[in-house]
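Visitor: Sharing model14.txt below, compact mmCIF, C-alpha atoms and all ligand atoms:
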```txt
# COMPACT_ATOMS: atom_id res chain seq x y z
CA MET A 1 0.00 0.00 0.00
CA ALA A 2 1.40 3.36 -0.99
CA GLN A 3 2.31 5.52 2.00
CA LEU A 4 1.93 8.73 0.03
CA SER A 5 -0.32 11.62 0.80
CA ALA A 6 -2.35 12.96 -2.13
CA ASP A 7 0.16 15.77 -2.58
CA GLY A 8 3.06 13.47 -1.81
CA PHE A 9 4.55 14.06 -5.21
CA ALA A 10 3.67 17.76 -5.38
CA PHE A 11 6.29 19.95 -6.98
CA GLY A 12 5.96 23.64 -7.78
CA GLY A 13 8.86 24.40 -10.10
CA PRO A 14 8.61 24.67 -13.87
CA LEU A 15 11.24 22.08 -14.72
CA MET A 16 12.37 19.59 -12.12
CA ARG A 17 16.02 18.61 -12.08
CA VAL A 18 16.72 14.87 -11.94
CA ASP A 19 18.39 15.42 -8.56
CA GLU A 20 15.28 17.17 -7.25
CA ALA A 21 13.14 14.26 -8.38
CA LEU A 22 15.44 11.85 -6.56
CA ALA A 23 15.47 14.01 -3.41
CA LEU A 24 11.68 14.18 -3.47
CA ILE A 25 11.44 10.41 -3.80
CA GLY A 26 13.95 9.99 -0.97
CA GLU A 27 12.03 12.33 1.34
CA ARG A 28 8.44 11.45 0.55
CA VAL A 29 8.37 7.76 -0.26
CA ARG A 30 8.29 5.35 2.66
CA PRO A 31 8.81 1.60 2.32
CA VAL A 32 5.52 -0.10 1.63
CA ALA A 33 6.58 -3.70 1.23
CA ARG A 34 5.96 -6.20 4.01
CA VAL A 35 8.80 -8.30 5.41
CA GLU A 36 9.22 -12.01 4.74
CA ALA A 37 11.86 -14.68 5.21
CA VAL A 38 13.59 -16.24 2.20
CA SER A 39 16.36 -18.78 1.91
CA ILE A 40 19.62 -17.35 0.64
CA ALA A 41 19.29 -19.53 -2.46
CA LYS A 42 16.23 -17.48 -3.41
CA ALA A 43 17.37 -14.09 -2.13
CA ASP A 44 18.97 -12.80 -5.34
CA GLY A 45 17.54 -9.40 -6.26
CA ARG A 46 15.68 -8.89 -2.96
CA PHE A 47 16.19 -6.04 -0.48
CA LEU A 48 17.36 -6.86 3.05
CA ALA A 49 14.81 -5.79 5.67
CA GLU A 50 17.31 -5.82 8.53
CA ALA A 51 21.04 -5.50 9.03
CA ILE A 52 23.07 -8.70 9.14
CA ILE A 53 25.51 -8.94 12.07
CA ALA A 54 28.31 -11.48 11.67
CA PRO A 55 27.47 -14.40 14.01
CA LEU A 56 31.03 -15.75 13.74
CA ASP A 57 34.54 -14.76 12.79
CA LEU A 58 35.41 -14.90 9.11
CA PRO A 59 37.54 -16.87 8.53
CA PRO A 60 36.44 -18.88 11.56
CA PHE A 61 40.01 -20.00 12.48
CA ASP A 62 43.64 -19.16 11.67
CA ASN A 63 44.57 -21.06 8.51
CA SER A 64 47.06 -21.33 5.69
CA ALA A 65 46.50 -19.46 2.41
CA VAL A 66 48.91 -21.72 0.48
CA ASP A 67 50.41 -25.21 0.26
CA GLY A 68 53.79 -25.16 2.03
CA TRP A 69 55.38 -25.30 5.49
CA ALA A 70 54.19 -23.46 8.60
CA VAL A 71 56.71 -22.03 11.09
CA ARG A 72 57.08 -19.60 13.96
CA HIS A 73 58.62 -16.47 12.49
CA ALA A 74 60.69 -16.02 15.67
CA ASP A 75 62.49 -19.32 14.89
CA LEU A 76 63.91 -18.01 11.58
CA THR A 77 67.44 -16.76 11.04
CA ARG A 78 67.27 -13.17 9.88
CA ASP A 79 69.71 -12.96 7.01
CA ALA A 80 70.48 -16.58 6.17
CA GLU A 81 68.74 -19.83 5.34
CA THR A 82 67.02 -21.67 8.21
CA VAL A 83 66.89 -25.45 8.35
CA LEU A 84 64.08 -26.92 10.47
CA PRO A 85 62.85 -30.47 11.11
CA VAL A 86 59.32 -31.25 9.88
CA VAL A 87 57.28 -32.58 12.82
CA GLY A 88 53.75 -32.88 11.46
CA ARG A 89 51.32 -32.57 8.60
CA LEU A 90 48.01 -30.67 8.40
CA ALA A 91 45.58 -30.80 5.46
CA ALA A 92 42.30 -28.89 5.13
CA GLY A 93 39.78 -30.31 7.59
CA ASP A 94 42.50 -31.65 9.96
CA ALA A 95 43.00 -30.36 13.49
CA TRP A 96 46.33 -30.31 15.37
CA SER A 97 46.22 -32.96 18.07
CA GLY A 98 48.47 -33.31 21.09
CA PRO A 99 50.74 -30.67 22.63
CA PRO A 100 51.83 -27.71 20.47
CA PRO A 101 54.88 -28.42 18.25
CA ALA A 102 58.24 -27.73 19.86
CA ALA A 103 60.23 -24.57 19.14
CA ALA A 104 62.31 -24.50 15.92
CA THR A 105 60.19 -26.96 13.97
CA ALA A 106 58.17 -26.80 10.76
CA VAL A 107 54.84 -28.41 9.89
CA ARG A 108 53.81 -29.46 6.39
CA ILE A 109 50.56 -27.59 5.66
CA PHE A 110 48.01 -27.27 2.86
CA THR A 111 45.64 -24.46 1.83
CA GLY A 112 42.76 -24.08 4.27
CA ALA A 113 44.35 -26.22 7.00
CA PRO A 114 44.41 -24.74 10.52
CA MET A 115 47.68 -23.15 11.61
CA PRO A 116 49.51 -25.29 14.22
CA PRO A 117 49.18 -23.73 17.69
CA GLY A 118 51.65 -20.86 18.12
CA PHE A 119 52.64 -20.82 14.42
CA ASP A 120 52.19 -17.60 12.50
CA THR A 121 53.89 -17.80 9.08
CA VAL A 122 53.73 -20.10 6.04
CA PHE A 123 56.39 -20.61 3.35
CA MET A 124 54.99 -21.41 -0.09
CA GLN A 125 56.21 -24.82 -1.22
CA GLU A 126 57.72 -23.25 -4.37
CA ASP A 127 60.15 -21.30 -2.14
CA VAL A 128 61.29 -24.23 0.01
CA VAL A 129 63.78 -27.04 -0.53
CA ALA A 130 62.57 -30.24 1.14
CA ASP A 131 65.55 -32.28 2.31
CA GLY A 132 64.48 -35.62 3.81
CA ASP A 133 62.68 -34.83 7.07
CA HIS A 134 64.01 -31.24 7.07
CA VAL A 135 63.17 -28.12 5.09
CA ARG A 136 65.57 -25.38 3.98
CA LEU A 137 63.84 -22.00 4.29
CA PRO A 138 65.13 -18.88 2.53
CA PRO A 139 65.50 -15.60 4.48
CA GLY A 140 63.31 -12.54 3.96
CA LEU A 141 59.75 -13.76 4.52
CA SER A 142 57.76 -11.37 6.70
CA SER A 143 55.97 -12.44 9.85
CA GLY A 144 52.39 -13.56 9.22
CA ALA A 145 52.97 -14.23 5.52
CA ASN A 146 50.47 -16.60 3.87
CA ALA A 147 48.49 -17.05 7.07
CA ARG A 148 44.84 -15.99 7.32
CA ILE A 149 43.84 -14.91 10.79
CA ALA A 150 40.43 -15.66 12.34
CA GLY A 151 38.14 -12.63 11.90
CA GLU A 152 40.49 -10.74 9.57
CA ASP A 153 37.86 -10.77 6.80
CA LEU A 154 35.01 -9.90 9.16
CA PRO A 155 35.08 -10.15 12.95
CA ARG A 156 32.13 -11.65 14.82
CA GLY A 157 29.65 -8.94 15.92
CA ARG A 158 30.48 -6.52 13.08
CA GLU A 159 27.75 -5.45 10.61
CA ALA A 160 28.14 -7.58 7.51
CA LEU A 161 25.35 -6.09 5.38
CA GLU A 162 23.18 -3.06 6.08
CA ALA A 163 19.39 -2.96 6.02
CA GLY A 164 18.11 -2.03 2.57
CA ARG A 165 21.00 -3.67 0.78
CA ARG A 166 20.05 -5.26 -2.52
CA ILE A 167 21.13 -8.88 -2.36
CA GLY A 168 23.16 -10.19 -5.28
CA PRO A 169 25.61 -13.04 -5.81
CA ARG A 170 28.34 -11.26 -3.80
CA GLU A 171 26.07 -10.75 -0.79
CA ILE A 172 24.88 -14.36 -1.02
CA ALA A 173 28.53 -15.52 -0.86
CA LEU A 174 29.01 -13.58 2.38
CA LEU A 175 25.74 -14.79 3.94
CA ALA A 176 26.58 -18.42 3.20
CA ALA A 177 30.12 -18.03 4.57
CA LEU A 178 28.59 -16.71 7.78
CA GLY A 179 26.42 -19.82 8.04
CA ILE A 180 23.21 -17.86 7.47
CA THR A 181 20.55 -19.84 5.62
CA GLU A 182 17.60 -17.47 5.67
CA VAL A 183 17.22 -13.68 5.67
CA GLN A 184 14.41 -11.21 6.27
CA VAL A 185 13.70 -9.35 3.05
CA ARG A 186 11.06 -6.97 1.78
CA ALA A 187 8.14 -8.66 0.07
CA ARG A 188 8.07 -8.20 -3.67
CA LEU A 189 6.38 -5.01 -4.78
CA ARG A 190 3.27 -5.65 -6.84
CA VAL A 191 3.56 -3.65 -10.04
CA ALA A 192 0.83 -3.43 -12.70
CA VAL A 193 2.09 -2.58 -16.17
CA PHE A 194 0.13 -1.59 -19.23
CA SER A 195 0.72 0.09 -22.56
CA THR A 196 -1.58 2.60 -24.19
CA GLY A 197 -2.13 3.51 -27.82
CA ASP A 198 -4.55 2.55 -30.60
CA GLU A 199 -1.58 1.72 -32.83
CA VAL A 200 0.14 -0.51 -30.26
CA THR A 201 -0.24 -4.22 -31.10
CA GLU A 202 0.52 -7.38 -29.15
CA PRO A 203 3.62 -9.15 -30.54
CA GLY A 204 2.57 -12.34 -32.31
CA ARG A 205 -0.65 -10.85 -33.67
CA ARG A 206 -1.05 -9.74 -37.28
CA LEU A 207 0.28 -6.19 -37.67
CA PRO A 208 -2.32 -3.90 -39.28
CA ALA A 209 -1.32 -0.89 -41.38
CA GLY A 210 -0.25 2.00 -39.20
CA ALA A 211 0.41 -0.24 -36.20
CA LEU A 212 3.56 -1.29 -34.38
CA TYR A 213 4.29 -3.98 -31.86
CA ASP A 214 4.27 -3.22 -28.16
CA SER A 215 7.80 -2.93 -26.90
CA ASN A 216 7.35 -0.90 -23.73
CA ARG A 217 5.34 -3.40 -21.68
CA PHE A 218 8.07 -5.95 -22.17
CA VAL A 219 11.01 -3.72 -21.35
CA LEU A 220 9.15 -2.38 -18.30
CA GLY A 221 8.20 -5.88 -17.14
CA ALA A 222 11.81 -7.03 -17.43
CA LEU A 223 13.15 -3.93 -15.67
CA CYS A 224 10.65 -4.30 -12.81
CA ARG A 225 11.45 -7.98 -12.35
CA ARG A 226 15.16 -7.12 -12.15
CA MET A 227 14.16 -4.84 -9.28
CA GLY A 228 12.61 -7.81 -7.49
CA ALA A 229 8.99 -6.88 -8.26
CA ASP A 230 6.03 -9.12 -9.11
CA VAL A 231 4.59 -7.86 -12.38
CA THR A 232 0.94 -8.02 -13.40
CA ASP A 233 0.69 -7.62 -17.16
CA LEU A 234 -2.47 -5.68 -17.93
CA GLY A 235 -2.01 -5.62 -21.68
CA ILE A 236 -2.64 -2.78 -24.09
CA LEU A 237 -5.32 -0.14 -23.59
CA PRO A 238 -6.85 1.98 -26.37
CA ASP A 239 -6.53 5.76 -26.48
CA ASP A 240 -9.76 6.19 -24.56
CA ARG A 241 -10.06 8.04 -21.27
CA VAL A 242 -12.99 6.03 -19.89
CA THR A 243 -11.38 2.66 -20.66
CA ILE A 244 -8.05 3.75 -19.20
CA ALA A 245 -9.70 5.19 -16.07
CA GLY A 246 -11.58 1.93 -15.50
CA ALA A 247 -8.43 -0.16 -15.88
CA LEU A 248 -6.55 2.17 -13.54
CA ARG A 249 -9.25 1.93 -10.86
CA GLU A 250 -9.11 -1.83 -10.97
CA ALA A 251 -5.30 -1.90 -10.90
CA GLY A 252 -5.37 0.51 -7.94
CA ARG A 253 -6.56 -2.40 -5.80
CA GLY A 254 -3.93 -4.98 -4.95
CA HIS A 255 -0.93 -3.20 -6.46
CA ASP A 256 1.77 -0.99 -5.02
CA LEU A 257 2.58 0.75 -8.29
CA ILE A 258 0.88 1.19 -11.64
CA LEU A 259 3.22 1.81 -14.54
CA THR A 260 2.01 2.91 -17.97
CA SER A 261 3.64 4.12 -21.15
CA GLY A 262 2.35 6.45 -23.83
CA GLY A 263 -0.43 9.00 -23.82
CA VAL A 264 1.07 11.36 -21.23
CA SER A 265 1.86 14.26 -23.54
CA THR A 266 -0.53 17.14 -23.89
CA GLY A 267 -1.98 16.20 -27.29
CA GLU A 268 -5.62 15.55 -28.10
CA GLU A 269 -4.94 11.83 -28.23
CA ASP A 270 -3.15 11.67 -24.90
CA HIS A 271 -5.69 10.37 -22.41
CA VAL A 272 -3.64 8.91 -19.58
CA LYS A 273 -3.37 12.13 -17.59
CA SER A 274 -7.10 12.85 -17.60
CA ALA A 275 -7.80 9.19 -16.81
CA VAL A 276 -5.53 9.37 -13.75
CA GLU A 277 -7.31 12.55 -12.64
CA GLU A 278 -10.61 10.73 -12.96
CA ALA A 279 -9.49 7.56 -11.16
CA GLY A 280 -7.19 9.14 -8.60
CA SER A 281 -4.98 12.18 -8.35
CA LEU A 282 -2.22 13.40 -10.61
CA THR A 283 0.91 15.43 -10.14
CA PHE A 284 2.65 16.19 -13.33
CA TRP A 285 6.40 16.20 -13.26
CA ARG A 286 8.20 18.00 -16.01
CA ILE A 287 11.56 16.43 -15.39
CA GLY A 288 14.48 18.05 -17.16
CA ILE A 289 15.73 14.88 -18.80
CA LYS A 290 16.22 13.92 -22.42
CA PRO A 291 15.21 11.51 -23.79
CA GLY A 292 12.22 11.62 -21.49
CA ARG A 293 9.94 14.61 -21.49
CA PRO A 294 7.17 14.65 -18.89
CA VAL A 295 6.58 11.87 -16.45
CA ALA A 296 3.16 11.75 -14.82
CA MET A 297 3.11 10.77 -11.16
CA GLY A 298 0.10 10.24 -8.99
CA LEU A 299 -2.00 8.00 -6.83
CA VAL A 300 -4.77 5.63 -7.83
CA GLY A 301 -6.51 3.78 -5.01
CA GLU A 302 -3.84 2.05 -2.93
CA ALA A 303 -1.24 2.35 -5.64
CA ALA A 304 1.30 4.92 -6.67
CA PHE A 305 1.17 5.77 -10.36
CA ALA A 306 3.93 6.57 -12.84
CA GLY A 307 3.07 7.34 -16.45
CA LEU A 308 6.06 7.18 -18.78
CA PRO A 309 6.34 8.57 -22.31
CA GLY A 310 5.59 6.36 -25.30
CA ASN A 311 8.91 6.29 -27.10
CA PRO A 312 10.87 3.18 -26.05
CA VAL A 313 14.21 4.93 -25.47
CA ALA A 314 12.46 7.54 -23.31
CA VAL A 315 10.81 4.69 -21.41
CA PHE A 316 14.18 3.11 -20.71
CA VAL A 317 15.83 6.36 -19.61
CA THR A 318 12.96 7.59 -17.42
CA PHE A 319 12.63 4.17 -15.82
CA ALA A 320 16.33 4.14 -15.02
CA HIS A 321 16.39 7.62 -13.50
CA VAL A 322 12.95 7.96 -11.91
CA VAL A 323 11.05 4.67 -11.59
CA ARG A 324 13.98 2.56 -10.47
CA PRO A 325 14.76 4.84 -7.50
CA LEU A 326 11.03 5.02 -6.76
CA LEU A 327 10.77 1.22 -6.69
CA ALA A 328 13.81 0.97 -4.45
CA ALA A 329 12.36 3.53 -2.01
CA MET A 330 9.01 1.72 -1.94
CA ALA A 331 10.82 -1.56 -1.30
CA GLY A 332 12.83 -0.08 1.58
CA GLY A 333 15.92 -0.68 -0.51
CA ARG A 334 19.11 1.15 -1.17
CA LEU A 335 20.65 1.06 -4.64
CA ASP A 336 24.30 1.50 -5.41
CA PRO A 337 24.78 5.08 -6.57
CA VAL A 338 24.70 5.40 -10.35
CA ARG A 339 28.23 6.62 -11.12
CA ALA A 340 29.30 8.04 -14.44
CA TYR A 341 32.87 6.98 -15.25
CA PRO A 342 35.19 9.31 -17.16
CA VAL A 343 35.65 8.57 -20.86
CA VAL A 344 36.75 10.70 -23.80
CA ALA A 345 34.00 12.12 -25.98
CA GLY A 346 34.37 11.10 -29.62
CA PHE A 347 31.65 13.48 -30.76
CA ALA A 348 30.46 17.08 -30.64
CA TYR A 349 27.09 17.89 -29.12
CA ARG A 350 24.79 20.89 -28.53
CA LYS A 351 22.14 20.86 -25.84
CA LYS A 352 19.72 23.06 -23.94
CA GLU A 353 20.92 24.40 -20.62
CA GLY A 354 18.92 23.27 -17.59
CA ARG A 355 18.23 19.83 -18.96
CA ARG A 356 20.18 16.65 -18.33
CA GLU A 357 20.75 14.70 -21.50
CA TYR A 358 21.70 11.08 -22.01
CA VAL A 359 23.48 10.17 -25.23
CA ARG A 360 23.60 6.52 -26.32
CA VAL A 361 27.22 5.60 -27.03
CA LEU A 362 29.48 2.75 -28.00
CA LEU A 363 32.89 2.51 -26.31
CA GLU A 364 36.11 1.84 -28.15
CA ARG A 365 39.83 2.34 -27.49
CA ASP A 366 41.56 5.30 -29.09
CA GLY A 367 45.21 5.20 -30.27
CA GLU A 368 46.44 5.94 -26.75
CA GLY A 369 44.41 3.15 -25.17
CA ARG A 370 41.85 5.51 -23.66
CA LEU A 371 38.13 4.71 -23.74
CA LEU A 372 36.43 6.77 -26.41
CA ALA A 373 32.64 7.21 -26.54
CA ARG A 374 31.12 7.13 -30.04
CA LYS A 375 27.60 8.48 -30.35
CA HIS A 376 25.04 6.25 -32.01
CA PRO A 377 24.27 7.81 -35.40
CA ARG A 378 20.49 7.79 -34.80
CA GLU A 379 19.31 9.97 -31.93
CA GLY A 380 15.52 9.57 -32.05
CA ALA A 381 13.77 8.48 -28.85
CA GLY A 382 11.96 5.82 -30.87
CA VAL A 383 15.12 4.20 -32.30
CA ILE A 384 15.29 0.93 -30.39
CA THR A 385 18.49 -0.24 -32.11
CA SER A 386 20.20 2.77 -30.54
CA LEU A 387 19.82 0.80 -27.27
CA THR A 388 20.86 -2.60 -28.59
CA GLU A 389 23.84 -1.27 -30.57
CA THR A 390 25.41 0.75 -27.74
CA ASP A 391 27.14 0.09 -24.42
CA GLY A 392 25.61 2.76 -22.23
CA LEU A 393 24.77 6.42 -21.74
CA VAL A 394 26.94 9.50 -21.66
CA GLU A 395 25.52 11.88 -19.07
CA LEU A 396 25.62 15.58 -19.98
CA GLU A 397 24.86 17.64 -16.91
CA GLU A 398 22.29 20.45 -16.75
CA GLU A 399 24.80 23.33 -16.89
CA ARG A 400 26.52 22.16 -20.03
CA ARG A 401 25.57 23.58 -23.44
CA THR A 402 28.24 22.28 -25.78
CA LEU A 403 30.53 19.33 -25.96
CA GLU A 404 33.63 19.14 -28.12
CA PRO A 405 35.43 15.96 -29.16
CA GLY A 406 38.28 15.14 -26.74
CA GLU A 407 36.51 16.46 -23.65
CA THR A 408 36.07 14.11 -20.70
CA VAL A 409 32.48 13.06 -20.05
CA GLY A 410 30.73 10.68 -17.66
CA PHE A 411 29.70 7.26 -18.99
CA ILE A 412 27.12 4.98 -17.35
CA PRO A 413 27.14 1.34 -18.52
CA TYR A 414 23.66 -0.13 -19.01
CA ALA A 415 24.45 -2.81 -16.45
CA ALA A 416 24.60 -0.12 -13.73
CA LEU A 417 20.98 0.78 -14.44
CA LEU A 418 19.50 -2.69 -14.08
P1 LIG B 501 2.84 8.86 -27.17
O1 LIG B 501 3.60 9.23 -25.95
O2 LIG B 501 1.61 8.07 -26.88
O3 LIG B 501 2.55 10.06 -28.01
O4 LIG B 501 3.78 7.92 -28.02
C1 LIG B 501 5.01 8.38 -28.55
C2 LIG B 501 5.55 7.39 -29.56
O5 LIG B 501 5.83 6.17 -28.93
C3 LIG B 501 4.57 7.05 -30.67
O6 LIG B 501 5.28 6.98 -31.89
C4 LIG B 501 4.03 5.69 -30.29
O7 LIG B 501 3.63 4.94 -31.41
C5 LIG B 501 5.21 5.08 -29.59
N1 LIG B 501 4.78 4.10 -28.63
C6 LIG B 501 3.83 4.29 -27.69
N2 LIG B 501 3.65 3.18 -26.95
C7 LIG B 501 4.51 2.27 -27.44
C8 LIG B 501 4.80 0.91 -27.09
N3 LIG B 501 4.14 0.31 -26.09
N4 LIG B 501 5.75 0.25 -27.77
C9 LIG B 501 6.41 0.87 -28.77
N5 LIG B 501 6.18 2.14 -29.15
C10 LIG B 501 5.24 2.84 -28.51
MG MG B 502 -0.05 7.58 -28.02
```
As structure tokens, what does this structure read like?

Guide:
Amino acid sequence: MAQLSADGFAFGGPLMRVDEALALIGERVRPVARVEAVSIAKADGRFLAEAIIAPLDLPPFDNSAVDGWAVRHADLTRDAETVLPVVGRLAAGDAWSGPPPAAATAVRIFTGAPMPPGFDTVFMQEDVVADGDHVRLPPGLSSGANARIAGEDLPRGREALEAGRRIGPREIALLAALGITEVQVRARLRVAVFSTGDEVTEPGRRLPAGALYDSNRFVLGALCRRMGADVTDLGILPDDRVTIAGALREAGRGHDLILTSGGVSTGEEDHVKSAVEEAGSLTFWRIGIKPGRPVAMGLVGEAAFAGLPGNPVAVFVTFAHVVRPLLAAMAGGRLDPVRAYPVVAGFAYRKKEGRREYVRVLLERDGEGRLLARKHPREGAGVITSLTETDGLVELEEERRTLEPGETVGFIPYAALL
């Protein structure tokens, strides 16, 4: 259930900066998703509902990082070879039994085996000459080399993962290593998705003259699922206010968010805005982002509403920069910041001041080995191949008006937006 007041999305300015939109989402949107337990095997893509405190030391015991011979560093001769008798053998899974080894001895050891009591340093076997039941150890190895100390990765009692963290394969590795089998996560957000437009046709059907296949519902469904949401596919609605309003009202029950594309401009054939006003309440956001144009936000019944533009590239960009943070906030989640990495511009560009623009680019190496961003030749917001034939987006900040080849610009790989 959306925890938004009717004016929760209210904004007074003429053109909202992307940062303002994000700040507004951060301030006004409270987590709506319930909490549930999932096994770590099924936790990929979910948001942690509580912090994870390490219940044990990682690694749990002092052990060897290599195959070789363990020693006490204090037994070594400083500037010359040391010869020590080998008094035991420890493989992974073994435990040292009996009294600790005597002073000035070595123990044969393998990766992952526990360090013998009192021993602190391991010689790699490549560096050692084995001579019967003795080993000849070269000088110069520092104390503690090749030994992994209990808790050095993460000590027991320390926070391992913070609440809100999006769980991925790396987090699952840590949870499993800590012996944790189940975590409390936010329930999946329930997102209803539909497309609008009399020309928009279901893929697989015959394509009439003047029609095109629906692309937006599928990209939005995939993007929402990557954000851990449950998607209800509500199909394609005609350009008709009454039909859209009815569908919205129905979707407003049992969903946390309704997501639409198309029909949010101010033309005669754009009926989504008036339908939202009829079924709920609307706050129009003119976000200064290109491709994008206006994004309609609002409330319908229990659900928040976001109406994206119709052009597929604009759908992708506005989802990435507005809906994705909105979904994360509603799910009580925290996303990694979207960082733009410096690359060299391989193109000139003119833009309007006050608007953030995203240019679809392909990366290549220039003669000096630097990453060079090449602009896709086709700029239109409806050119879907400009997404499939590029590596990511160059971000041109609001203040900028021109870009010359050779300037450094920020590049965001698509993977960072999923
Ligand atoms: P609109 O915002 O409704 O004016 O649509 C802008 C452009 O996007 C038009 O050319 C539409 O045909 C196109 N469009 C709208 N919805 C979709 C969709 N679901 N899939 C692909 N293209 C669409
Ligand atoms: Mg339309």

Visitor: Find the residues near A:Arg226: any atom within 7 Å, counting only C-alpha atoms, skip ones fewer than 2 places away on the same chain, and give them as a PDB file with C-alpha atoms, in the frame of the given file.

Guide:
```pdb
ATOM      1  CA  GLY A  45      17.540  -9.400  -6.260  1.00  0.00           C
ATOM      2  CA  ALA A 222      11.810  -7.030 -17.430  1.00  0.00           C
ATOM      3  CA  LEU A 223      13.150  -3.930 -15.670  1.00  0.00           C
ATOM      4  CA  CYS A 224      10.650  -4.300 -12.810  1.00  0.00           C
ATOM      5  CA  GLY A 228      12.610  -7.810  -7.490  1.00  0.00           C
ATOM      6  CA  LEU A 418      19.500  -2.690 -14.080  1.00  0.00           C
TER       7      LEU A 418
END
```

Visitor: Here is a test: counting all atoms listed in the file, which residue of A:Leu237, A:Ile53, A:Leu248, A:Val242 is nearest to A:Gly263?

Guide: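 With all atoms listed in the file as the atom set, the closest residue is A:Leu237.
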
Visitor: Please write out the residues within 8 Å of ligand LIG 501 (chain B) as a ChimeraX atom specification, counting all atoms listed in the file.

Guide: /A:195-197,199-200,211-217,236,261-265,267,269-270,308-312,382

Visitor: Please, could you write that set of residues out with C-alpha atoms as a compact mmCIF listing (two decimals), in the frame of the given file?

Guide:
```txt
# COMPACT_ATOMS: atom_id res chain seq x y z
CA SER A 195 0.72 0.09 -22.56
CA THR A 196 -1.58 2.60 -24.19
CA GLY A 197 -2.13 3.51 -27.82
CA GLU A 199 -1.58 1.72 -32.83
CA VAL A 200 0.14 -0.51 -30.26
CA ALA A 211 0.41 -0.24 -36.20
CA LEU A 212 3.56 -1.29 -34.38
CA TYR A 213 4.29 -3.98 -31.86
CA ASP A 214 4.27 -3.22 -28.16
CA SER A 215 7.80 -2.93 -26.90
CA ASN A 216 7.35 -0.90 -23.73
CA ARG A 217 5.34 -3.40 -21.68
CA ILE A 236 -2.64 -2.78 -24.09
CA SER A 261 3.64 4.12 -21.15
CA GLY A 262 2.35 6.45 -23.83
CA GLY A 263 -0.43 9.00 -23.82
CA VAL A 264 1.07 11.36 -21.23
CA SER A 265 1.86 14.26 -23.54
CA GLY A 267 -1.98 16.20 -27.29
CA GLU A 269 -4.94 11.83 -28.23
CA ASP A 270 -3.15 11.67 -24.90
CA LEU A 308 6.06 7.18 -18.78
CA PRO A 309 6.34 8.57 -22.31
CA GLY A 310 5.59 6.36 -25.30
CA ASN A 311 8.91 6.29 -27.10
CA PRO A 312 10.87 3.18 -26.05
CA GLY A 382 11.96 5.82 -30.87
```

Visitor: Neighbourhood query: residues within 8 Å of (29.0, -8.2, 11.5), file coordinates, counting all atoms listed in the file; return as a VMD selection string.

Guide: chain A and resid 52 to 55 154 to 161

Visitor: Give me the residues within 10 Å of A:Arg339 as a PyMOL selection string, counting all atoms listed in the file and dropping any in the same chain fewer than 4 places off.

Guide: chain A and resi 395+410-413+416-417

Visitor: Using only C-alpha atoms and all ligand atoms, can you tell me which of A:Leu259, A:Ala21, A:Ala177, A:Val272 comes closest to ligand MG 502 (chain B)?

Guide: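 That would be A:Val272, the residue with the smallest distance to ligand MG 502 (chain B).
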
Visitor: May I have the protein, DNA and RNA residues with an atom at most 12 Å from (-7.0, 2.2, -13.1), counting all atoms listed in the file in the file's coordinates, returned as a PyMOL selection string?

Guide: chain A and resi 192-194+234+237+241-255+257-260+272-281+298-307

Visitor: Name the closest residue to ligand MG 502 (chain B) among the candidates A:Asp230, A:Asp366, A:Asp198, A:Glu397; distances are taken between atoms, counting only C-alpha atoms and all ligand atoms.

Guide: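 For ligand MG 502 (chain B), the nearest of the given residues is A:Asp198.
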
Visitor: I want to know what sits within 10 Å of stretch 126-142 of chain A, based on all atoms listed in the file, with residues of the same chain fewer than 5 positions away left out; could you give that as an MDAnalysis selection string?

Guide: chainID A and resid 67:69 71 73 76:87 105:108 121

Visitor: Find, counting all atoms listed in the file, the residue in A:Thr385, A:Thr390, A:Ser39, A:Thr266 that gets nearest to ligand MG 502 (chain B).

Guide: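 Among the listed residues, A:Thr266 lies closest to ligand MG 502 (chain B).
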
Visitor: So, counting all atoms listed in the file, which residue among A:Asp239, A:Glu182, A:Leu371, A:Arg206 is closest to ligand MG 502 (chain B)?

Guide: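 Of A:Asp239, A:Glu182, A:Leu371, A:Arg206, the one nearest ligand MG 502 (chain B) is A:Asp239, counting all atoms listed in the file.
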